[in-house]
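Chemist: Please find data_16.pdb (PDB, C-alpha atoms and all ligand atoms) on the next line:
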```
ATOM      1  CA  MET A 135     192.864-167.335 -50.212
ATOM      2  CA  ILE A 136     194.365-168.905 -53.304
ATOM      3  CA  SER A 137     192.120-168.535 -56.344
ATOM      4  CA  LYS A 138     190.772-171.825 -57.690
ATOM      5  CA  GLN A 139     191.140-170.712 -61.265
ATOM      6  CA  LEU A 140     192.335-172.360 -64.435
ATOM      7  CA  VAL A 141     195.773-171.653 -65.836
ATOM      8  CA  LYS A 142     195.025-169.831 -69.088
ATOM      9  CA  LYS A 143     198.031-167.630 -69.797
ATOM     10  CA  ALA A 144     201.760-168.086 -70.146
ATOM     11  CA  VAL A 145     204.637-165.647 -69.773
ATOM     12  CA  ILE A 146     207.889-165.943 -71.712
ATOM     13  CA  PRO A 147     210.573-163.551 -70.520
ATOM     14  CA  ALA A 148     212.605-162.707 -73.633
ATOM     15  CA  ALA A 149     214.278-159.409 -72.822
ATOM     16  CA  GLY A 150     217.705-160.873 -71.960
ATOM     17  CA  LEU A 151     220.727-159.710 -73.925
ATOM     18  CA  GLY A 152     221.903-163.218 -74.778
ATOM     19  CA  THR A 153     225.510-162.530 -73.794
ATOM     20  CA  ARG A 154     226.219-166.248 -73.292
ATOM     21  CA  PHE A 155     225.823-166.702 -77.039
ATOM     22  CA  LEU A 156     227.759-163.801 -78.513
ATOM     23  CA  PRO A 157     228.645-163.103 -81.275
ATOM     24  CA  ALA A 158     225.619-165.019 -82.674
ATOM     25  CA  THR A 159     223.238-162.885 -80.629
ATOM     26  CA  LYS A 160     224.706-159.481 -81.450
ATOM     27  CA  ALA A 161     221.912-158.709 -83.942
ATOM     28  CA  VAL A 162     219.682-161.804 -83.703
ATOM     29  CA  PRO A 163     217.563-162.432 -80.584
ATOM     30  CA  LYS A 164     218.806-165.616 -78.909
ATOM     31  CA  GLU A 165     215.192-166.844 -78.828
ATOM     32  CA  LEU A 166     215.288-167.128 -82.623
ATOM     33  CA  LEU A 167     218.374-169.335 -82.822
ATOM     34  CA  PRO A 168     217.159-172.524 -84.487
ATOM     35  CA  ILE A 169     217.077-176.058 -83.200
ATOM     36  CA  VAL A 170     217.515-177.700 -86.622
ATOM     37  CA  ASP A 171     215.101-175.315 -88.419
ATOM     38  CA  VAL A 172     212.715-174.268 -85.641
ATOM     39  CA  PRO A 173     213.537-171.278 -83.397
ATOM     40  CA  THR A 174     213.825-172.192 -79.698
ATOM     41  CA  ILE A 175     210.960-169.845 -78.830
ATOM     42  CA  GLN A 176     208.690-171.622 -81.309
ATOM     43  CA  ILE A 177     209.399-174.940 -79.574
ATOM     44  CA  ILE A 178     208.400-173.239 -76.287
ATOM     45  CA  ALA A 179     205.234-171.790 -77.906
ATOM     46  CA  GLU A 180     204.331-175.248 -79.225
ATOM     47  CA  GLU A 181     204.714-176.704 -75.713
ATOM     48  CA  ILE A 182     202.356-174.004 -74.419
ATOM     49  CA  ALA A 183     199.777-174.700 -77.143
ATOM     50  CA  ARG A 184     199.968-178.463 -76.522
ATOM     51  CA  ALA A 185     199.183-177.733 -72.856
ATOM     52  CA  GLY A 186     195.936-176.039 -73.937
ATOM     53  CA  ILE A 187     197.036-172.438 -73.335
ATOM     54  CA  GLU A 188     196.291-169.904 -76.061
ATOM     55  CA  THR A 189     197.650-166.592 -74.793
ATOM     56  CA  VAL A 190     201.330-165.831 -74.375
ATOM     57  CA  ILE A 191     202.705-162.676 -72.837
ATOM     58  CA  LEU A 192     206.098-162.040 -74.290
ATOM     59  CA  ILE A 193     208.363-159.800 -72.230
ATOM     60  CA  THR A 194     210.671-158.177 -74.737
ATOM     61  CA  GLY A 195     213.194-155.387 -74.917
ATOM     62  CA  ARG A 196     215.175-153.384 -77.448
ATOM     63  CA  GLY A 197     216.245-155.367 -80.522
ATOM     64  CA  LYS A 198     213.709-158.152 -80.002
ATOM     65  CA  SER A 199     211.003-157.186 -82.511
ATOM     66  CA  ALA A 200     212.016-160.019 -84.872
ATOM     67  CA  ILE A 201     210.380-162.400 -82.352
ATOM     68  CA  GLU A 202     207.017-160.688 -82.881
ATOM     69  CA  ASP A 203     207.547-160.831 -86.672
ATOM     70  CA  HIS A 204     208.254-164.544 -86.404
ATOM     71  CA  PHE A 205     204.794-165.246 -84.948
ATOM     72  CA  ASP A 206     203.044-162.757 -87.256
ATOM     73  CA  VAL A 207     201.370-163.565 -90.586
ATOM     74  CA  HIS A 208     203.695-163.140 -93.595
ATOM     75  CA  LEU A 209     201.173-163.004 -96.427
ATOM     76  CA  ASP A 210     203.591-162.009 -99.212
ATOM     77  CA  LEU A 211     205.855-164.956 -98.487
ATOM     78  CA  GLU A 212     202.931-167.369 -98.086
ATOM     79  CA  ASN A 213     201.450-166.275-101.437
ATOM     80  CA  LYS A 214     204.821-166.537-103.166
ATOM     81  CA  LEU A 215     205.312-170.076-101.835
ATOM     82  CA  LEU A 216     201.782-171.035-102.922
ATOM     83  CA  ARG A 217     202.376-169.638-106.438
ATOM     84  CA  GLU A 218     205.538-171.729-106.639
ATOM     85  CA  GLY A 219     203.624-174.846-105.590
ATOM     86  CA  LYS A 220     205.454-175.076-102.235
ATOM     87  CA  THR A 221     202.231-175.806-100.404
ATOM     88  CA  GLU A 222     203.753-177.672 -97.479
ATOM     89  CA  LEU A 223     206.164-174.855 -96.685
ATOM     90  CA  ALA A 224     203.381-172.267 -96.987
ATOM     91  CA  GLN A 225     201.336-174.333 -94.565
ATOM     92  CA  ARG A 226     204.203-174.527 -92.059
ATOM     93  CA  LEU A 227     204.510-170.761 -92.251
ATOM     94  CA  GLN A 228     200.790-170.319 -91.646
ATOM     95  CA  GLU A 229     200.926-172.681 -88.679
ATOM     96  CA  THR A 230     203.658-170.580 -87.072
ATOM     97  CA  SER A 231     201.340-167.593 -86.851
ATOM     98  CA  ASN A 232     198.521-169.711 -85.424
ATOM     99  CA  ILE A 233     200.343-171.499 -82.596
ATOM    100  CA  VAL A 234     199.388-169.036 -79.866
ATOM    101  CA  GLN A 235     198.140-165.491 -79.518
ATOM    102  CA  ILE A 236     201.055-163.235 -78.578
ATOM    103  CA  VAL A 237     200.758-160.097 -76.499
ATOM    104  CA  SER A 238     204.017-158.281 -75.932
ATOM    105  CA  VAL A 239     205.179-156.018 -73.165
ATOM    106  CA  ARG A 240     208.516-154.244 -73.036
ATOM    107  CA  GLN A 241     210.761-154.462 -70.016
ATOM    108  CA  GLN A 242     212.290-150.998 -69.772
ATOM    109  CA  SER A 243     215.635-152.058 -68.339
ATOM    110  CA  PRO A 244     217.118-155.501 -67.641
ATOM    111  CA  ARG A 245     216.501-155.615 -63.876
ATOM    112  CA  GLY A 246     216.265-159.382 -63.608
ATOM    113  CA  LEU A 247     213.866-162.271 -64.090
ATOM    114  CA  GLY A 248     211.592-161.172 -61.230
ATOM    115  CA  ASP A 249     211.172-157.734 -62.767
ATOM    116  CA  ALA A 250     210.478-159.293 -66.194
ATOM    117  CA  VAL A 251     207.663-161.421 -64.746
ATOM    118  CA  LEU A 252     206.252-158.371 -62.954
ATOM    119  CA  CYS A 253     205.871-156.674 -66.361
ATOM    120  CA  ALA A 254     203.068-159.183 -67.159
ATOM    121  CA  ARG A 255     200.970-158.172 -64.150
ATOM    122  CA  ASP A 256     198.342-156.003 -65.895
ATOM    123  CA  ILE A 257     197.705-158.589 -68.601
ATOM    124  CA  ILE A 258     197.588-161.595 -66.272
ATOM    125  CA  GLY A 259     195.354-159.970 -63.655
ATOM    126  CA  ASP A 260     194.139-162.155 -60.810
ATOM    127  CA  GLU A 261     194.838-165.614 -62.256
ATOM    128  CA  PRO A 262     197.450-168.324 -61.890
ATOM    129  CA  PHE A 263     199.828-168.443 -64.858
ATOM    130  CA  VAL A 264     202.796-170.336 -66.294
ATOM    131  CA  VAL A 265     206.280-168.932 -66.782
ATOM    132  CA  LEU A 266     208.561-170.607 -69.311
ATOM    133  CA  LEU A 267     212.208-169.665 -69.681
ATOM    134  CA  GLY A 268     213.289-169.815 -73.289
ATOM    135  CA  ASP A 269     216.687-171.388 -72.620
ATOM    136  CA  ASP A 270     215.148-174.494 -71.082
ATOM    137  CA  LEU A 271     213.777-176.906 -73.663
ATOM    138  CA  VAL A 272     211.984-179.944 -72.288
ATOM    139  CA  ASP A 273     211.353-182.773 -74.692
ATOM    140  CA  SER A 274     208.580-185.030 -73.357
ATOM    141  CA  SER A 275     205.542-186.906 -74.607
ATOM    142  CA  VAL A 276     203.236-185.012 -72.210
ATOM    143  CA  PRO A 277     204.354-181.361 -72.414
ATOM    144  CA  CYS A 278     206.156-180.283 -69.222
ATOM    145  CA  THR A 279     203.712-177.368 -68.887
ATOM    146  CA  LYS A 280     200.754-179.778 -69.035
ATOM    147  CA  GLN A 281     202.337-182.029 -66.389
ATOM    148  CA  MET A 282     202.717-178.996 -64.133
ATOM    149  CA  ILE A 283     199.182-177.712 -64.707
ATOM    150  CA  ASP A 284     197.931-181.131 -63.577
ATOM    151  CA  VAL A 285     200.006-180.800 -60.379
ATOM    152  CA  TYR A 286     198.672-177.263 -59.828
ATOM    153  CA  ASN A 287     195.083-178.412 -60.305
ATOM    154  CA  LYS A 288     195.602-181.231 -57.821
ATOM    155  CA  HIS A 289     197.194-179.142 -55.027
ATOM    156  CA  GLN A 290     196.008-175.593 -55.846
ATOM    157  CA  LYS A 291     199.508-174.380 -54.996
ATOM    158  CA  SER A 292     202.277-172.836 -57.063
ATOM    159  CA  VAL A 293     204.524-175.373 -58.773
ATOM    160  CA  VAL A 294     208.135-175.282 -59.922
ATOM    161  CA  ALA A 295     209.892-177.818 -62.152
ATOM    162  CA  LEU A 296     212.908-179.491 -60.569
ATOM    163  CA  MET A 297     215.726-181.749 -61.696
ATOM    164  CA  GLU A 298     218.747-183.211 -59.964
ATOM    165  CA  VAL A 299     222.065-181.640 -60.921
ATOM    166  CA  PRO A 300     225.677-182.638 -60.203
ATOM    167  CA  PRO A 301     227.423-180.753 -57.332
ATOM    168  CA  ASP A 302     229.561-178.599 -59.638
ATOM    169  CA  GLU A 303     226.428-177.208 -61.343
ATOM    170  CA  ILE A 304     224.524-176.247 -58.171
ATOM    171  CA  SER A 305     225.685-172.622 -58.197
ATOM    172  CA  LYS A 306     224.148-172.081 -61.665
ATOM    173  CA  PHE A 307     220.566-172.667 -60.488
ATOM    174  CA  GLY A 308     217.888-171.821 -57.964
ATOM    175  CA  ILE A 309     218.009-174.768 -55.529
ATOM    176  CA  CYS A 310     215.075-176.129 -53.497
ATOM    177  CA  GLY A 311     214.559-178.460 -50.569
ATOM    178  CA  GLY A 312     211.540-179.962 -48.812
ATOM    179  CA  LYS A 313     209.543-183.048 -47.924
ATOM    180  CA  THR A 314     208.830-185.727 -50.511
ATOM    181  CA  ILE A 315     205.050-186.262 -50.821
ATOM    182  CA  SER A 316     204.983-188.568 -53.849
ATOM    183  CA  GLU A 317     207.353-190.067 -56.407
ATOM    184  CA  ARG A 318     207.614-186.758 -58.286
ATOM    185  CA  GLU A 319     206.266-184.180 -55.822
ATOM    186  CA  ILE A 320     207.992-182.335 -52.981
ATOM    187  CA  GLU A 321     206.354-179.935 -50.514
ATOM    188  CA  LEU A 322     209.009-177.237 -50.560
ATOM    189  CA  ASP A 323     210.328-175.464 -47.480
ATOM    190  CA  ILE A 324     213.422-173.739 -48.845
ATOM    191  CA  MET A 325     214.474-172.016 -52.084
ATOM    192  CA  VAL A 326     217.811-170.310 -52.623
ATOM    193  CA  GLU A 327     219.005-168.559 -55.782
ATOM    194  CA  LYS A 328     222.372-169.890 -56.975
ATOM    195  CA  PRO A 329     223.873-170.957 -53.627
ATOM    196  CA  ALA A 330     227.480-172.054 -53.240
ATOM    197  CA  GLU A 331     227.756-175.854 -53.399
ATOM    198  CA  GLN A 332     228.397-176.143 -49.632
ATOM    199  CA  ASP A 333     225.351-173.980 -48.732
ATOM    200  CA  ALA A 334     222.828-175.727 -50.990
ATOM    201  CA  PRO A 335     219.852-177.423 -49.287
ATOM    202  CA  SER A 336     219.873-180.230 -51.891
ATOM    203  CA  ASN A 337     220.828-180.953 -55.491
ATOM    204  CA  LEU A 338     217.318-180.185 -56.776
ATOM    205  CA  ALA A 339     217.581-177.360 -59.288
ATOM    206  CA  ILE A 340     214.845-175.104 -60.621
ATOM    207  CA  VAL A 341     214.304-175.596 -64.343
ATOM    208  CA  GLY A 342     212.589-172.815 -66.277
ATOM    209  CA  ARG A 343     208.942-173.857 -65.833
ATOM    210  CA  TYR A 344     206.791-172.317 -63.108
ATOM    211  CA  ILE A 345     203.102-172.073 -62.264
ATOM    212  CA  LEU A 346     202.546-169.097 -60.011
ATOM    213  CA  THR A 347     199.547-167.698 -58.205
ATOM    214  CA  PRO A 348     198.926-163.961 -58.788
ATOM    215  CA  ARG A 349     200.075-163.117 -55.251
ATOM    216  CA  ILE A 350     203.591-163.344 -56.717
ATOM    217  CA  PHE A 351     203.113-159.888 -58.279
ATOM    218  CA  GLU A 352     202.685-158.120 -54.915
ATOM    219  CA  LEU A 353     205.663-160.026 -53.536
ATOM    220  CA  LEU A 354     207.770-159.157 -56.572
ATOM    221  CA  GLU A 355     206.922-155.519 -56.128
ATOM    222  CA  GLN A 356     208.356-155.685 -52.602
ATOM    223  CA  THR A 357     211.426-157.715 -53.595
ATOM    224  CA  GLN A 358     214.752-155.934 -53.297
ATOM    225  CA  PRO A 359     217.636-156.678 -55.679
ATOM    226  CA  GLY A 360     219.284-159.960 -54.666
ATOM    227  CA  LYS A 361     221.910-162.148 -56.335
ATOM    228  CA  ALA A 362     223.803-160.233 -59.059
ATOM    229  CA  GLY A 363     221.965-157.032 -58.053
ATOM    230  CA  GLU A 364     218.820-158.243 -59.870
ATOM    231  CA  ILE A 365     215.199-158.686 -58.767
ATOM    232  CA  GLN A 366     215.216-162.470 -58.394
ATOM    233  CA  LEU A 367     212.052-164.466 -59.054
ATOM    234  CA  THR A 368     213.333-167.125 -56.629
ATOM    235  CA  ASP A 369     213.385-164.588 -53.743
ATOM    236  CA  ALA A 370     209.713-163.670 -54.272
ATOM    237  CA  MET A 371     208.836-167.360 -54.735
ATOM    238  CA  SER A 372     210.432-168.153 -51.403
ATOM    239  CA  ARG A 373     208.034-165.726 -49.697
ATOM    240  CA  LEU A 374     205.113-167.118 -51.696
ATOM    241  CA  MET A 375     206.113-170.601 -50.491
ATOM    242  CA  LYS A 376     205.968-169.474 -46.853
ATOM    243  CA  GLU A 377     202.533-167.864 -47.329
ATOM    244  CA  GLN A 378     200.733-170.351 -49.554
ATOM    245  CA  GLY A 379     202.909-173.472 -49.900
ATOM    246  CA  PHE A 380     204.764-174.519 -53.052
ATOM    247  CA  ILE A 381     205.167-177.842 -54.821
ATOM    248  CA  GLY A 382     208.424-178.903 -56.448
ATOM    249  CA  TYR A 383     207.778-181.245 -59.339
ATOM    250  CA  LYS A 384     210.336-183.626 -60.837
ATOM    251  CA  PHE A 385     209.065-183.505 -64.415
ATOM    252  CA  GLN A 386     209.183-186.334 -66.938
ATOM    253  CA  GLY A 387     211.287-185.585 -69.998
ATOM    254  CA  ASN A 388     214.715-184.537 -71.208
ATOM    255  CA  ARG A 389     215.817-180.980 -70.528
ATOM    256  CA  TYR A 390     218.317-179.100 -72.691
ATOM    257  CA  ASP A 391     219.950-175.794 -71.820
ATOM    258  CA  ALA A 392     219.712-174.138 -75.226
ATOM    259  CA  GLY A 393     221.370-171.022 -73.812
ATOM    260  CA  ASP A 394     224.643-172.874 -73.327
ATOM    261  CA  ARG A 395     226.859-173.696 -76.304
ATOM    262  CA  PHE A 396     227.160-177.415 -75.568
ATOM    263  CA  GLY A 397     223.515-177.699 -74.434
ATOM    264  CA  TYR A 398     222.480-176.041 -77.696
ATOM    265  CA  LEU A 399     224.428-178.588 -79.733
ATOM    266  CA  GLN A 400     222.922-181.437 -77.677
ATOM    267  CA  ALA A 401     219.429-180.058 -78.297
ATOM    268  CA  ASN A 402     220.093-179.829 -82.025
ATOM    269  CA  ILE A 403     221.253-183.447 -82.163
ATOM    270  CA  ALA A 404     218.394-184.716 -79.968
ATOM    271  CA  TYR A 405     215.690-182.914 -81.967
ATOM    272  CA  ALA A 406     217.307-183.852 -85.294
ATOM    273  CA  LEU A 407     217.243-187.522 -84.227
ATOM    274  CA  LYS A 408     213.453-187.242 -83.857
ATOM    275  CA  ARG A 409     213.075-186.082 -87.461
ATOM    276  CA  PRO A 410     212.553-188.907 -89.960
ATOM    277  CA  ASP A 411     213.863-186.667 -92.773
ATOM    278  CA  ILE A 412     217.201-186.147 -91.006
ATOM    279  CA  ALA A 413     217.784-188.916 -88.418
ATOM    280  CA  PRO A 414     219.095-191.707 -90.710
ATOM    281  CA  LYS A 415     221.653-189.412 -92.384
ATOM    282  CA  LEU A 416     222.708-187.943 -89.045
ATOM    283  CA  ILE A 417     223.211-191.383 -87.466
ATOM    284  CA  ASP A 418     225.345-192.484 -90.427
ATOM    285  CA  TYR A 419     227.378-189.306 -90.202
ATOM    286  CA  MET A 420     227.920-189.592 -86.446
ATOM    287  CA  ARG A 421     228.964-193.254 -86.758
ATOM    288  CA  ARG A 422     231.448-192.290 -89.447
ATOM    289  CA  ILE A 423     233.045-189.396 -87.569
ATOM    290  CA  VAL A 424     233.240-191.371 -84.328
ATOM    291  CA  SER A 425     234.983-194.281 -86.067
ATOM    292  CA  GLU A 426     237.339-191.885 -87.890
ATOM    293  CA  ARG A 427     238.338-190.377 -84.549
ATOM    294  CA  SER A 428     238.842-193.641 -82.625
TER     295      SER A 428
HETATM  296  C1  LIG B 501     217.158-168.635 -63.858
HETATM  297  C2  LIG B 501     216.627-168.680 -62.424
HETATM  298  C3  LIG B 501     217.182-169.899 -61.690
HETATM  299  C4  LIG B 501     216.857-171.158 -62.474
HETATM  300  C5  LIG B 501     217.385-171.052 -63.932
HETATM  301  C6  LIG B 501     216.884-172.226 -64.768
HETATM  302  O1  LIG B 501     218.541-168.371 -63.823
HETATM  303  O2  LIG B 501     216.988-167.473 -61.770
HETATM  304  O3  LIG B 501     216.610-169.983 -60.414
HETATM  305  O4  LIG B 501     217.418-172.287 -61.841
HETATM  306  O5  LIG B 501     216.906-169.848 -64.556
HETATM  307  O6  LIG B 501     217.397-172.213 -66.059
HETATM  308  P1  LIG B 501     219.382-167.917 -65.131
HETATM  309  O7  LIG B 501     219.787-169.182 -65.829
HETATM  310  O8  LIG B 501     218.473-167.060 -65.956
HETATM  311  O9  LIG B 501     220.558-167.166 -64.602
END
```
Please, can you express the file's structure as structure tokens?
Ligand code: G1P

Modeler:
Amino acid sequence: MISKQLVKKAVIPAAGLGTRFLPATKAVPKELLPIVDVPTIQIIAEEIARAGIETVILITGRGKSAIEDHFDVHLDLENKLLREGKTELAQRLQETSNIVQIVSVRQQSPRGLGDAVLCARDIIGDEPFVVLLGDDLVDSSVPCTKQMIDVYNKHQKSVVALMEVPPDEISKFGICGGKTISEREIELDIMVEKPAEQDAPSNLAIVGRYILTPRIFELLEQTQPGKAGEIQLTDAMSRLMKEQGFIGYKFQGNRYDAGDRFGYLQANIAYALKRPDIAPKLIDYMRRIVSERS
């Protein structure tokens, strides 16, 4: 039986080595690279908080302790800023430590996304939970996580966020197929991790937002290394789908791959354009450089 419980906890796997972004990530966790002036992981934490979830389980590894510091209170700095009359900045700093409650667990060796999620088992217990991958930023008026919780509550089945991708990008994603049940919902019947273009069941790619029932932990425990020799979350999800059903959800919003160099630049521009303190200057600048180049 699937538990009819509320989604109260989120997992952020953050143990990856960030090799796609070297040399920037040699000493700095990729999760702390800023989008304008906010680290990507803070944007993810804010999405979680806006969806009404207060507890985040951070799966970390060696060299990632700066992430915990980022969400911790920094009293000395706050007091210094207050003494200097920089009240607004002090307040922003305070807010950072109040976004969510962070519990961290270390993944002993990088054995893949499935293994990272399994590390959260003892803290999650017997409840459904959200997984958010830090590279995937989704900018939307209703947080993507909230949209997915609504879908979970409606169907009482695990949910994965999907988006259509061009054929040449299929092999970079988990790909799903199934039967359309509403404008944005698909009852899934197949999931494959990074198939070749010609073997893909569709062009619907998994984006890094999942709601999973706790049965996933037992399935993950039984999952053998798959693609790239890693314990793949998609492989365990495929078994969960066959046992309990799984909904694919075409979310509303714009997704940026902040783990890719070009995607990171796009995210910076998109988020900067939402900032009244920066947007007008940025638009002027972009107009100027475009006209200089044409
Ligand atoms: C992971 C998942 C993949 C998913 C992707 C989304 O892959 O394994 O199924 O489509 O995230 O970003 P990764 O990009 O970590 O290799």

Chemist: Contacts of region 184-186 of chain A at 10 Å or less, counting only C-alpha atoms, minus same-chain residues fewer than 6 places along, as a PyMOL selection string?

Modeler: chain A and resi 141-143+178+233-234+276-284

Chemist: Can you translate the PyMOL selection byres (((not hetatm)) within 7 of (chain B and resi 501)) into the concrete residues it hits in this file, as a PyMOL selection string?

Modeler: chain A and resi 247+267+269-270+306-309+327-328+339-342+366-368

Chemist: Using the chain letters and numbers from this file, what does the PyMOL selection byres (((chain A and resi 237) around 10) and not hetatm) select? Give the answer as an MDAnalysis selection string.

Modeler: chainID A and resid 145 189:193 202 234:236 238:239 254 257

Chemist: So what does the PyMOL selection byres (((chain A and resi 176) around 9) and not hetatm) actually pick up in this one, as an mmCIF file with C-alpha atoms, in the coordinates of the input?

Modeler:
```
data_model
loop_
_atom_site.group_PDB
_atom_site.id
_atom_site.type_symbol
_atom_site.label_atom_id
_atom_site.label_comp_id
_atom_site.auth_asym_id
_atom_site.auth_seq_id
_atom_site.Cartn_x
_atom_site.Cartn_y
_atom_site.Cartn_z
ATOM 1 C CA GLU A 165 215.192 -166.844 -78.828
ATOM 2 C CA LEU A 166 215.288 -167.128 -82.623
ATOM 3 C CA VAL A 172 212.715 -174.268 -85.641
ATOM 4 C CA PRO A 173 213.537 -171.278 -83.397
ATOM 5 C CA THR A 174 213.825 -172.192 -79.698
ATOM 6 C CA ILE A 175 210.960 -169.845 -78.830
ATOM 7 C CA ILE A 177 209.399 -174.940 -79.574
ATOM 8 C CA ILE A 178 208.400 -173.239 -76.287
ATOM 9 C CA ALA A 179 205.234 -171.790 -77.906
ATOM 10 C CA GLU A 180 204.331 -175.248 -79.225
ATOM 11 C CA GLU A 181 204.714 -176.704 -75.713
ATOM 12 C CA HIS A 204 208.254 -164.544 -86.404
ATOM 13 C CA PHE A 205 204.794 -165.246 -84.948
ATOM 14 C CA THR A 230 203.658 -170.580 -87.072
ATOM 15 C CA ILE A 233 200.343 -171.499 -82.596
#
```

Chemist: So what do you get for CA of Gly248 (chain A) versus CA of Tyr383 (chain A), distance-wise?

Modeler: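 That distance, rounded to one decimal, is 20.5 Å.
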